[in-house]
Amino acid sequence: MSDPIKMYPSKPQKVYFYATCLVDLFYPEAGMAGVQLLEREGIEVIFPEKQTCCGQPAYSSGFNDQAREVILPQLGLFPEDYPVVVPSGSCAGMMRKHYPELFAGTPQQSQAEALAGRTWELTDFLLRVCNLRLEDQGQPVKVAMHTSCSARREMGIAEVGPALLQQLDQVELVEQARPAECCGFGGTFAVRHEEISGAMVQDKAEALAAAGAEEFVTTDCGCLMNIAGYSEKQQLPLKGEHILSFLWKRLQAADKAPVNAGGKV
Amino acid sequence: MSQHQEAVQEFHPRVHAALQDSQIRNNFRKAMDGLMGKRQQAFADWDLEGLRDLGAAVRLRALSRLPELLEELEANLTRQGVRVHWAENGDQACEIIRDICQARDAKKVIKGKSMVSEEMELNAYLEEAGIEALESDLGEYLVQLAEETPSHIIMPAIHKNTDEISALMHEKTGTQPSRDVAYLTASARQQLREKFMQADVGVSGVNFAVAETGTLCLVENEGNGRLTTTTPSCHIAVTGIEKVVEKLEDVTPLLALLTRSATGQHVTTYVNMISGPRKEEEKDGPEEVHLVLVDSGRSSIYQDEELLDTLRCIRCGACMNHCPVYTRVGGHAYGTTYPGPIGKILMPHLLGLDKTRDLPSASTLCGACGEVCPVKIPIPKLLQRLRKEAVDGDSLRPSVVSGHGVKRRFLEVLAWKGWAKMHAHAGFYRLGTRMMTSLRGLMPSKLGGWTRYRTPPRIASKSFQQMMREHAQKSNAGGRS
């Protein structure tokens, strides 16, 4: 009954990219960094334009009908057997773990299961499938990693972010107190239970700052928006960035402007 | 409905009060950090995943045959001289216990720790019938002195620190104010020891009821459980119907999981195995033993294949020890007998979703509870299920939990329907993101609870879709040159 052992595919020539709605609207540079890291590995990135949101906000609020309504037209966007990579632990978790449950007993069951089976969180895919190797071009910096709860527990990839960061010579990885504790985002939880969420993000941001990190990086835009938003409002000396943006920037020579690092975090 | 149950609905004000109370926050943080560390150490040399799989399998096997096993348990216990009673709900169970007491003209009841008795509010019921019920577990004793309810299912007084306990005992029992835990414990022990000798009836809970052998297992650390079940001439055990297991050997993995998950102990100081009243040649033990089996909504949970997993629980409390929400707000904020993650998935069945409406949503679904559950209850999945039940959100799977639909509100339904239309049609969605990126300057600076603690999220000047289109054009141009 333990989770089955993950069977990684061999490195493919092509992947589908599922950007997620938070990347699309708030952190496009993280998505672009992911695309460029994949292309650097010689992988062709296919971006089906009709994608929107993975359906998680409705699903985690109990509105399964609306989640299915949003997912249904997207199930057919990935017709070939290429891996689907997602720059988010929680959206990848939604697709991998919850699509099969949502569509169980419907005509789309096997389609949902097939999609779930080839969905990967992007940093996991880069490390384990592409065997990504990074040469650090950046200045020395102290960084802490916040692995999202879905990345950690649903996708089982807690070790991936630190393993990637440790490849960077100039990056000192510091560990915050209680690294496995949730940051308090939880989607609509942050609004429905704002006070509990506020107490949780306070503890998380303070732990990251207390660890001596100048910057934290994370697998998920929800956590990023939450922790960085708190840190900014309270004027803590702590910046936040999506791990993909961070990794991509570290690969660029210091005098060269990072490509497409558009939006500010 | 009791006052206690009505109060469940007032979740938000309780949370607010708890979060403002730095004493509560410190007490829980410190205690939960300690318990998490102890659990981790206790399992250090074990194949924890293998053991959890085994624990889950044992519980699932028992639940798959629950009705038969209960009958087998009853037959074996009856043969061994234990009288078995069935109660449909808490009130019935209270009545049964009161009747047993009255038949024996009992006026004083001593109690071992039992969460089911908390659930049915037995103490208050007996008091109304003129029967004094005294808690003998140290934590429960303190909670009773303070006229409170337990804030944790294993450590009922965990919300109090030593100073608060010292002040309470000084006020209620006249002990000297002291920070010396040994002194305070010895004082309570002295006070309780006399009560054991005076008690007419002992009431205890049950950790596992073994069907095959008719054995009631009870774990505890203070010896109060053994005194409760052996000193008075009558022992009444009370338990939920889900606590039954098939065979004696099933107890081994469950016990190993229970004590390590709960307190980080390899085994508790006392493990009691009770199979009947005192026999003729025996020197101690009660002359009469009863078992009260309480349903209280459990058989309706049993009807649903998915919700059934709720009944696997062995009440170790690890889910609350690891819960970031419980750690922040403490047990009393929930307003329910069982707080924390297990409370959120169990109490809606015992009280109805209408009375527990804010509990299923009070989780980030971070999964820490499910990760440590010794019998692998998929707690986050059950929380999602209850959220769905609360809003009647799935037309393919009608709601079944009592009080379902309580959170289905016109405006929220409308909002999700609008959200779905926008995201189910790529054209609408693209139009939406285009508008938002070009009008991002108009984004409000205040967004309710979000901006009370954080800056508002910043919409990018170009969406990822736009960037990708430009990226593709650039690559194509590059390819041609």
# chains A, B, ... in the order shown; residues from 1 in each chain; ligands from 1
>>> interface_residues(of="chain B", to="chain A", cutoff="7 Å", atoms="only C-alpha atoms", output="PyMOL selection string")
chain B and resi 49+53+324-325+361-367+384+387-388+391+393-395+416-417+420+423-424+426+429+433+449-450+453-461+463-465
>>> write_last_selection(atoms="C-alpha atoms", output="PDB file, in the first residue's frame")
ATOM      1  CA  GLU B  49       6.344   2.468   5.933  1.00  0.00           C
ATOM      2  CA  ASP B  53       1.101  -0.644   5.717  1.00  0.00           C
ATOM      3  CA  PRO B 324       0.247  23.372  11.443  1.00  0.00           C
ATOM      4  CA  VAL B 325      -3.295  24.609  12.073  1.00  0.00           C
ATOM      5  CA  SER B 361     -12.086  24.031   5.086  1.00  0.00           C
ATOM      6  CA  ALA B 362      -9.763  24.853   8.001  1.00  0.00           C
ATOM      7  CA  SER B 363      -6.823  23.065   6.409  1.00  0.00           C
ATOM      8  CA  THR B 364      -4.260  23.919   3.766  1.00  0.00           C
ATOM      9  CA  LEU B 365      -4.398  20.247   2.677  1.00  0.00           C
ATOM     10  CA  CYS B 366      -0.670  20.216   3.386  1.00  0.00           C
ATOM     11  CA  GLY B 367      -0.825  16.484   4.014  1.00  0.00           C
ATOM     12  CA  GLN B 384     -11.794  17.322   0.227  1.00  0.00           C
ATOM     13  CA  ARG B 387     -15.784  20.108   1.476  1.00  0.00           C
ATOM     14  CA  LYS B 388     -17.606  18.673  -1.497  1.00  0.00           C
ATOM     15  CA  VAL B 391     -21.342  22.572  -0.863  1.00  0.00           C
ATOM     16  CA  GLY B 393     -20.433  20.144  -5.278  1.00  0.00           C
ATOM     17  CA  ASP B 394     -20.539  16.899  -7.230  1.00  0.00           C
ATOM     18  CA  SER B 395     -23.557  15.950  -9.311  1.00  0.00           C
ATOM     19  CA  TRP B 416     -17.421  29.207  -9.220  1.00  0.00           C
ATOM     20  CA  LYS B 417     -19.777  28.826 -12.171  1.00  0.00           C
ATOM     21  CA  ALA B 420     -15.567  27.574 -14.675  1.00  0.00           C
ATOM     22  CA  HIS B 423     -11.479  28.626 -17.652  1.00  0.00           C
ATOM     23  CA  ALA B 424     -13.348  26.026 -19.695  1.00  0.00           C
ATOM     24  CA  ALA B 426      -9.646  29.051 -23.953  1.00  0.00           C
ATOM     25  CA  TYR B 429      -9.527  32.813 -20.735  1.00  0.00           C
ATOM     26  CA  THR B 433      -5.572  37.369 -19.150  1.00  0.00           C
ATOM     27  CA  GLY B 449      -7.666  39.002   4.246  1.00  0.00           C
ATOM     28  CA  TRP B 450      -4.833  38.512   1.772  1.00  0.00           C
ATOM     29  CA  TYR B 453      -0.728  40.225   5.924  1.00  0.00           C
ATOM     30  CA  ARG B 454       0.776  40.501   2.437  1.00  0.00           C
ATOM     31  CA  THR B 455       1.291  42.775  -0.519  1.00  0.00           C
ATOM     32  CA  PRO B 456      -1.143  42.086  -3.358  1.00  0.00           C
ATOM     33  CA  PRO B 457       0.029  39.717  -6.105  1.00  0.00           C
ATOM     34  CA  ARG B 458       1.453  41.527  -9.133  1.00  0.00           C
ATOM     35  CA  ILE B 459       0.078  40.749 -12.544  1.00  0.00           C
ATOM     36  CA  ALA B 460       2.854  40.457 -15.119  1.00  0.00           C
ATOM     37  CA  SER B 461       3.034  42.907 -18.012  1.00  0.00           C
ATOM     38  CA  SER B 463       1.314  36.672 -19.840  1.00  0.00           C
ATOM     39  CA  PHE B 464       3.251  33.470 -20.311  1.00  0.00           C
ATOM     40  CA  GLN B 465       1.153  32.747 -23.389  1.00  0.00           C
TER      41      GLN B 465
END
>>> select_by_dssp(residues="segment 165-259 of chain B", states="helix (DSSP H, G or I)", output="number ranges by chain")
B: 165-173, 181-198, 224-230, 241-243, 248-259
>>> write_last_selection(atoms="C-alpha atoms", output="PDB file, in the first residue's frame")
ATOM      1  CA  ILE B 165      -1.171  23.850  36.508  1.00  0.00           C
ATOM      2  CA  SER B 166       0.430  24.916  39.772  1.00  0.00           C
ATOM      3  CA  ALA B 167      -2.001  27.824  40.140  1.00  0.00           C
ATOM      4  CA  LEU B 168      -4.974  25.597  39.307  1.00  0.00           C
ATOM      5  CA  MET B 169      -4.014  22.917  41.818  1.00  0.00           C
ATOM      6  CA  HIS B 170      -3.310  25.524  44.468  1.00  0.00           C
ATOM      7  CA  GLU B 171      -6.714  27.105  43.983  1.00  0.00           C
ATOM      8  CA  LYS B 172      -8.742  23.892  43.754  1.00  0.00           C
ATOM      9  CA  THR B 173      -6.885  21.432  45.958  1.00  0.00           C
ATOM     10  CA  VAL B 181       6.533  18.745  38.387  1.00  0.00           C
ATOM     11  CA  ALA B 182       7.354  15.778  40.643  1.00  0.00           C
ATOM     12  CA  TYR B 183       5.751  17.543  43.608  1.00  0.00           C
ATOM     13  CA  LEU B 184       2.627  18.452  41.657  1.00  0.00           C
ATOM     14  CA  THR B 185       2.283  14.932  40.270  1.00  0.00           C
ATOM     15  CA  ALA B 186       2.777  13.355  43.692  1.00  0.00           C
ATOM     16  CA  SER B 187       0.128  15.667  45.159  1.00  0.00           C
ATOM     17  CA  ALA B 188      -2.395  14.722  42.484  1.00  0.00           C
ATOM     18  CA  ARG B 189      -1.519  11.072  42.978  1.00  0.00           C
ATOM     19  CA  GLN B 190      -2.189  11.365  46.697  1.00  0.00           C
ATOM     20  CA  GLN B 191      -5.536  13.050  46.098  1.00  0.00           C
ATOM     21  CA  LEU B 192      -6.573  10.427  43.566  1.00  0.00           C
ATOM     22  CA  ARG B 193      -5.383   7.389  45.486  1.00  0.00           C
ATOM     23  CA  GLU B 194      -8.011   7.948  48.166  1.00  0.00           C
ATOM     24  CA  LYS B 195     -10.720   8.332  45.563  1.00  0.00           C
ATOM     25  CA  PHE B 196      -9.873   4.965  44.009  1.00  0.00           C
ATOM     26  CA  MET B 197     -10.507   3.278  47.351  1.00  0.00           C
ATOM     27  CA  GLN B 198     -13.873   5.003  47.730  1.00  0.00           C
ATOM     28  CA  ASN B 224      -4.785   4.820  36.885  1.00  0.00           C
ATOM     29  CA  GLY B 225      -6.248   2.618  34.172  1.00  0.00           C
ATOM     30  CA  ARG B 226      -5.311  -0.516  36.047  1.00  0.00           C
ATOM     31  CA  LEU B 227      -6.666   0.880  39.321  1.00  0.00           C
ATOM     32  CA  THR B 228      -9.881   1.993  37.598  1.00  0.00           C
ATOM     33  CA  THR B 229     -10.453  -1.422  36.101  1.00  0.00           C
ATOM     34  CA  THR B 230      -9.487  -3.507  39.140  1.00  0.00           C
ATOM     35  CA  ILE B 241     -17.894   0.087  17.686  1.00  0.00           C
ATOM     36  CA  GLU B 242     -14.919   0.616  15.349  1.00  0.00           C
ATOM     37  CA  LYS B 243     -12.290  -0.380  17.915  1.00  0.00           C
ATOM     38  CA  LEU B 248      -4.860 -11.054  19.349  1.00  0.00           C
ATOM     39  CA  GLU B 249      -1.830 -10.964  17.054  1.00  0.00           C
ATOM     40  CA  ASP B 250      -3.336  -7.902  15.328  1.00  0.00           C
ATOM     41  CA  VAL B 251      -2.721  -5.953  18.518  1.00  0.00           C
ATOM     42  CA  THR B 252       1.063  -6.250  18.190  1.00  0.00           C
ATOM     43  CA  PRO B 253       1.583  -3.951  15.184  1.00  0.00           C
ATOM     44  CA  LEU B 254      -1.185  -1.585  16.277  1.00  0.00           C
ATOM     45  CA  LEU B 255       0.302  -1.230  19.746  1.00  0.00           C
ATOM     46  CA  ALA B 256       3.769  -0.637  18.289  1.00  0.00           C
ATOM     47  CA  LEU B 257       2.317   2.089  16.078  1.00  0.00           C
ATOM     48  CA  LEU B 258       0.031   3.612  18.690  1.00  0.00           C
ATOM     49  CA  THR B 259       2.492   4.331  21.458  1.00  0.00           C
TER      50      THR B 259
END
>>> select_by_dssp(residues="segment 263-359 of chain B", states="strand (DSSP E or B)", output="mmCIF file with C-alpha atoms, in the first residue's frame")
data_model
loop_
_atom_site.group_PDB
_atom_site.id
_atom_site.type_symbol
_atom_site.label_atom_id
_atom_site.label_comp_id
_atom_site.auth_asym_id
_atom_site.auth_seq_id
_atom_site.Cartn_x
_atom_site.Cartn_y
_atom_site.Cartn_z
ATOM 1 C CA TYR B 270 0.889 -0.279 31.496
ATOM 2 C CA VAL B 271 -0.780 -2.471 28.911
ATOM 3 C CA ASN B 272 -3.955 -3.950 30.365
ATOM 4 C CA MET B 273 -5.643 -6.964 28.794
ATOM 5 C CA ILE B 274 -9.065 -7.523 30.302
ATOM 6 C CA GLU B 288 -18.837 -7.307 37.493
ATOM 7 C CA VAL B 289 -17.552 -6.182 34.079
ATOM 8 C CA HIS B 290 -19.604 -4.438 31.384
ATOM 9 C CA LEU B 291 -18.797 -3.340 27.867
ATOM 10 C CA VAL B 292 -20.847 -0.571 26.296
ATOM 11 C CA LEU B 293 -20.498 -0.443 22.503
ATOM 12 C CA VAL B 294 -21.412 2.981 21.147
#
>>> residues_around(residues="Ser117 of chain B", least_positions_apart="5", cutoff="10 Å", atoms="only C-alpha atoms", output="number ranges by chain")
B: 90, 93-94, 111-112, 122-123, 203-205, 237-240, 294, 337
>>> closest_residue(among="A:Ala158, A:Ala116, A:Leu236, A:Cys91", to="Ala210 of chain A", atoms="only C-alpha atoms")
A:Leu236
>>> residues_around(residues="Gly276 of chain B", least_positions_apart="6", cutoff="10 Å", atoms="only C-alpha atoms", output="ChimeraX atom specification")
/B:76-83,214-216,235,285-290
>>> write_last_selection(atoms="N, CA and C atoms", output="PDB file, in the first residue's frame")
ATOM      1  N   ASN B  76     -17.912 -13.972  22.725  1.00  0.00           N
ATOM      2  CA  ASN B  76     -16.775 -14.387  23.550  1.00  0.00           C
ATOM      3  C   ASN B  76     -16.766 -13.693  24.906  1.00  0.00           C
ATOM      4  N   LEU B  77     -17.065 -12.400  24.910  1.00  0.00           N
ATOM      5  CA  LEU B  77     -17.086 -11.679  26.186  1.00  0.00           C
ATOM      6  C   LEU B  77     -18.195 -12.214  27.086  1.00  0.00           C
ATOM      7  N   THR B  78     -19.350 -12.470  26.487  1.00  0.00           N
ATOM      8  CA  THR B  78     -20.479 -12.972  27.267  1.00  0.00           C
ATOM      9  C   THR B  78     -20.116 -14.308  27.923  1.00  0.00           C
ATOM     10  N   ARG B  79     -19.485 -15.162  27.125  1.00  0.00           N
ATOM     11  CA  ARG B  79     -19.060 -16.460  27.631  1.00  0.00           C
ATOM     12  C   ARG B  79     -18.103 -16.299  28.814  1.00  0.00           C
ATOM     13  N   GLN B  80     -17.299 -15.241  28.763  1.00  0.00           N
ATOM     14  CA  GLN B  80     -16.315 -15.015  29.830  1.00  0.00           C
ATOM     15  C   GLN B  80     -16.897 -14.220  31.005  1.00  0.00           C
ATOM     16  N   GLY B  81     -18.201 -13.926  30.941  1.00  0.00           N
ATOM     17  CA  GLY B  81     -18.847 -13.287  32.076  1.00  0.00           C
ATOM     18  C   GLY B  81     -18.954 -11.773  31.986  1.00  0.00           C
ATOM     19  N   VAL B  82     -18.622 -11.204  30.818  1.00  0.00           N
ATOM     20  CA  VAL B  82     -18.768  -9.748  30.645  1.00  0.00           C
ATOM     21  C   VAL B  82     -20.143  -9.469  30.060  1.00  0.00           C
ATOM     22  N   ARG B  83     -20.818  -8.473  30.582  1.00  0.00           N
ATOM     23  CA  ARG B  83     -22.120  -8.117  30.022  1.00  0.00           C
ATOM     24  C   ARG B  83     -21.935  -7.051  28.948  1.00  0.00           C
ATOM     25  N   GLY B 214     -12.012 -12.234  22.893  1.00  0.00           N
ATOM     26  CA  GLY B 214     -12.805 -11.452  23.838  1.00  0.00           C
ATOM     27  C   GLY B 214     -11.920 -10.726  24.831  1.00  0.00           C
ATOM     28  N   THR B 215     -10.968  -9.954  24.306  1.00  0.00           N
ATOM     29  CA  THR B 215     -10.024  -9.240  25.165  1.00  0.00           C
ATOM     30  C   THR B 215     -10.149  -7.731  24.954  1.00  0.00           C
ATOM     31  N   LEU B 216     -10.210  -6.997  26.051  1.00  0.00           N
ATOM     32  CA  LEU B 216     -10.243  -5.540  25.963  1.00  0.00           C
ATOM     33  C   LEU B 216      -8.857  -5.011  26.328  1.00  0.00           C
ATOM     34  N   HIS B 235     -16.566  -2.743  36.882  1.00  0.00           N
ATOM     35  CA  HIS B 235     -15.849  -2.029  35.828  1.00  0.00           C
ATOM     36  C   HIS B 235     -16.740  -1.930  34.591  1.00  0.00           C
ATOM     37  N   GLY B 285      -9.659  -7.739  41.319  1.00  0.00           N
ATOM     38  CA  GLY B 285     -10.443  -7.558  40.096  1.00  0.00           C
ATOM     39  C   GLY B 285     -11.898  -7.347  40.435  1.00  0.00           C
ATOM     40  N   PRO B 286     -12.638  -6.753  39.516  1.00  0.00           N
ATOM     41  CA  PRO B 286     -14.052  -6.439  39.779  1.00  0.00           C
ATOM     42  C   PRO B 286     -14.931  -7.690  39.733  1.00  0.00           C
ATOM     43  N   GLU B 287     -16.018  -7.668  40.460  1.00  0.00           N
ATOM     44  CA  GLU B 287     -16.923  -8.818  40.399  1.00  0.00           C
ATOM     45  C   GLU B 287     -17.851  -8.721  39.187  1.00  0.00           C
ATOM     46  N   GLU B 288     -17.926  -7.495  38.629  1.00  0.00           N
ATOM     47  CA  GLU B 288     -18.837  -7.307  37.493  1.00  0.00           C
ATOM     48  C   GLU B 288     -18.110  -6.488  36.430  1.00  0.00           C
ATOM     49  N   VAL B 289     -18.155  -6.951  35.182  1.00  0.00           N
ATOM     50  CA  VAL B 289     -17.552  -6.182  34.079  1.00  0.00           C
ATOM     51  C   VAL B 289     -18.582  -5.988  32.973  1.00  0.00           C
ATOM     52  N   HIS B 290     -18.681  -4.762  32.480  1.00  0.00           N
ATOM     53  CA  HIS B 290     -19.604  -4.438  31.384  1.00  0.00           C
ATOM     54  C   HIS B 290     -18.824  -3.829  30.224  1.00  0.00           C
TER      55      HIS B 290
END
>>> closest_residue(among="B:Met320, B:Leu307, B:Leu350, B:Leu54", to="Arg385 of chain B", atoms="only C-alpha atoms")
B:Leu307
>>> closest_residue(among="A:Glu101, A:Glu241, A:Asp169, A:Glu214", to="Lys142 of chain A", atoms="only C-alpha atoms")
A:Glu214
>>> residues_around(residues="Ala177 of chain A", least_positions_apart="4", cutoff="8 Å", atoms="only C-alpha atoms", output="VMD selection string")
chain A and resid 207 to 208 211
>>> write_last_selection(atoms="C-alpha atoms", output="short mmCIF file (atom, residue, chain, number, x, y, z; two decimals), in the first residue's frame")
data_model
loop_
_atom_site.label_atom_id
_atom_site.label_comp_id
_atom_site.auth_asym_id
_atom_site.auth_seq_id
_atom_site.Cartn_x
_atom_site.Cartn_y
_atom_site.Cartn_z
CA ALA A 207 12.13 31.13 9.91
CA LEU A 208 13.52 31.68 6.41
CA ALA A 211 18.21 31.05 8.76
#
>>> decode(residues="segment 329-354 of chain B", atoms="N, CA and C atoms", output="short mmCIF file (atom, residue, chain, number, x, y, z; two decimals), in the first residue's frame")
data_model
loop_
_atom_site.label_atom_id
_atom_site.label_comp_id
_atom_site.auth_asym_id
_atom_site.auth_seq_id
_atom_site.Cartn_x
_atom_site.Cartn_y
_atom_site.Cartn_z
N VAL B 329 -3.67 27.10 16.69
CA VAL B 329 -4.90 27.50 17.38
C VAL B 329 -5.22 26.66 18.62
N GLY B 330 -4.57 25.49 18.75
CA GLY B 330 -4.83 24.64 19.91
C GLY B 330 -6.15 23.90 19.80
N GLY B 331 -6.38 22.98 20.73
CA GLY B 331 -7.52 22.08 20.63
C GLY B 331 -8.87 22.70 20.90
N HIS B 332 -8.92 23.69 21.77
CA HIS B 332 -10.23 24.23 22.16
C HIS B 332 -10.89 25.04 21.06
N ALA B 333 -10.07 25.61 20.16
CA ALA B 333 -10.64 26.44 19.10
C ALA B 333 -11.61 25.65 18.24
N TYR B 334 -11.38 24.34 18.13
CA TYR B 334 -12.25 23.53 17.28
C TYR B 334 -13.65 23.39 17.89
N GLY B 335 -13.71 23.43 19.22
CA GLY B 335 -15.01 23.33 19.88
C GLY B 335 -15.62 21.94 19.81
N THR B 336 -14.81 20.93 19.45
CA THR B 336 -15.33 19.57 19.31
C THR B 336 -14.54 18.63 20.23
N THR B 337 -15.13 17.47 20.54
CA THR B 337 -14.45 16.51 21.40
C THR B 337 -13.10 16.11 20.81
N TYR B 338 -13.11 15.78 19.51
CA TYR B 338 -11.87 15.43 18.83
C TYR B 338 -11.43 16.65 18.02
N PRO B 339 -10.28 17.26 18.38
CA PRO B 339 -9.83 18.40 17.58
C PRO B 339 -8.87 17.95 16.48
N GLY B 340 -8.29 18.91 15.79
CA GLY B 340 -7.25 18.60 14.81
C GLY B 340 -7.79 17.87 13.60
N PRO B 341 -6.89 17.33 12.77
CA PRO B 341 -7.30 16.68 11.53
C PRO B 341 -8.32 15.56 11.73
N ILE B 342 -8.10 14.69 12.72
CA ILE B 342 -9.07 13.59 12.89
C ILE B 342 -10.42 14.15 13.30
N GLY B 343 -10.42 15.22 14.08
CA GLY B 343 -11.68 15.87 14.46
C GLY B 343 -12.40 16.42 13.24
N LYS B 344 -11.63 17.00 12.34
CA LYS B 344 -12.25 17.60 11.15
C LYS B 344 -12.91 16.56 10.26
N ILE B 345 -12.37 15.33 10.25
CA ILE B 345 -13.00 14.32 9.39
C ILE B 345 -13.99 13.44 10.15
N LEU B 346 -13.93 13.46 11.47
CA LEU B 346 -14.84 12.60 12.25
C LEU B 346 -16.06 13.37 12.78
N MET B 347 -15.83 14.57 13.30
CA MET B 347 -16.92 15.30 13.96
C MET B 347 -18.11 15.62 13.03
N PRO B 348 -17.87 15.91 11.74
CA PRO B 348 -19.04 16.15 10.87
C PRO B 348 -20.00 14.96 10.86
N HIS B 349 -19.49 13.75 11.07
CA HIS B 349 -20.38 12.59 11.10
C HIS B 349 -21.09 12.47 12.44
N LEU B 350 -20.42 12.86 13.50
CA LEU B 350 -21.02 12.72 14.83
C LEU B 350 -22.03 13.84 15.11
N LEU B 351 -21.74 15.04 14.60
CA LEU B 351 -22.61 16.18 14.90
C LEU B 351 -23.40 16.67 13.70
N GLY B 352 -23.00 16.30 12.51
CA GLY B 352 -23.61 16.83 11.28
C GLY B 352 -22.75 17.97 10.74
N LEU B 353 -22.72 18.07 9.39
CA LEU B 353 -21.92 19.13 8.76
C LEU B 353 -22.47 20.51 9.08
N ASP B 354 -23.77 20.58 9.33
CA ASP B 354 -24.36 21.88 9.65
C ASP B 354 -23.76 22.46 10.93
#
